[in-house]
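Below you'll find the structure, written out as structure tokens, and then a few comments.
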Amino acid sequence: MSDFVTSNDVFVNQHAESRDEVLRFISQKAVELGVTDDADAVYKAFIAREDMGETGMTDGFAVPHAKDAAIKKAAVIVFKNDHALDWPSFDEKPVDIAISLLVPAGEAGTTHIKLLSKTAVLLMKDDFKNLVRGSDDPQAIADAINKGINDQD
């Protein structure tokens, strides 16, 4: 998983007006990145998970995740908005950074759990959160995520 996330998977300086718009954007980018051929199925998988409970963590970060047969390969897509949005979160604060996880249905019990737990560990680290929040360099953000994922192996 050394270069699991590339700069092409990181979208900074975005301007979405709602959680829904963020999830639709990520779903569409997943098609462009070759992660899926069906943006609508991915969007519906995101919404199904959102309906189960908050994916907003703390400090303005969310980890939306989609598991679906339409997803061809596991991926992480990062979305940094230019302002915070209403998004149900553990600390009840709005969200401006989404680190989304997309996982094929067949890998739901393995890849999904690994990515989710590694991302959750990263979001407990202030240095990681500060780097992602303070940088508009997609490569630097991708490198930080890759380092975090690889360091936990």
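Each chain in the structure tokens gets a letter, A, B, ..., in the order shown, and its residues are numbered from 1; ligands are numbered from 1 in order too.
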
Legend entry - Residues flagged strand (DSSP E) by DSSP in chain A, as a PyMOL selection string: chain A and resi 10-14+61-62+65-68+75-85+95-104

Inset, instruction - Give the answer as one residue: which of A:Met52, A:Ala140, A:Ala62, A:Val5 has the shortest atom-to-atom distance to Leu23 of chain A, using only C-alpha atoms? - result: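 Answer, going by the shortest atom-to-atom distance: A:Ala62.
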
Legend entry - Coordinates-based distance that separates atom CA of Ile77 of chain A from atom CA of Arg133 of chain A (Å, one decimal):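 For atom CA of Arg133 of chain A relative to atom CA of Ile77 of chain A, the distance reads 15.2 Å.
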
Legend entry - Given only C-alpha atoms as the counted atoms, nearest of A:Thr119, A:Thr36, A:Ser27, A:Asn13 to Pro104 of chain A: A:Thr36

Inset, instruction - In Å, rounded to a single decimal, give me how far atom CA of Pro138 of chain A is from atom CA of Thr55 of chain A. - result: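 Answer for the atom CA of Thr55 of chain A to atom CA of Pro138 of chain A separation: 22.5 Å.
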
Inset, instruction - Enumerate the residues of segment 22-132 of chain A with a DSSP assignment of helix (DSSP H, G or I), computed from the backbone, and present them as a PyMOL selection string. - result: chain A and resi 22-32+39-50+105-107+111-122+126-132

Legend entry - Residue neighbourhood Leu115 of chain A, 10 Å, only C-alpha atoms, exclusion window fewer than 2 positions, as an MDAnalysis selection string: chainID A and resid 65 74:76 100:103 110:113 117:121 149

Legend entry - Residue nearest Phe25 of chain A - candidates A:Asp40, A:Asp51, A:Asp137, A:Asp86, atoms counted: only C-alpha atoms: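 Closest to Phe25 of chain A of all the choices is A:Asp40.
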
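Atom to atom, atom CA of Phe90 of chain A and atom CA of Lys129 of chain A stand 16.0 Å apart.
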
Legend entry - Nearest candidate to Leu33 of chain A (options A:His83, A:Lys93, A:Lys73, A:Lys125; using only C-alpha atoms): A:Lys73

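Each of A:Met124, A:Ala142, A:Val95, A:Leu85 was checked against Ala16 of chain A using only C-alpha atoms; the smallest atom-to-atom distance is that of A:Leu85.
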
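Proximity to Gly60 of chain A was assessed for A:Val132, A:Gly106, A:Asp127, A:Ser7 counting only C-alpha atoms; the smallest distance is recorded for A:Val132.
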
Inset, instruction - For Asp20 of chain A, work out the shell of residues within 10 Å, counting only C-alpha atoms and skipping chain neighbours fewer than 2 positions away, then give it as a list of chain:residue names. - result: A:Ala16, A:Glu17, A:Ser18, A:Val22, A:Leu23, A:Arg24, A:Phe25, A:Ile26, A:Tyr43, A:Phe46, A:Ile47, A:Trp87

Inset, instruction - Name all residues at most 12 Å from Ile141 of chain A (count only C-alpha atoms; drop same-chain ones fewer than 4 positions away) and give them as a count of residues only. - result: 31
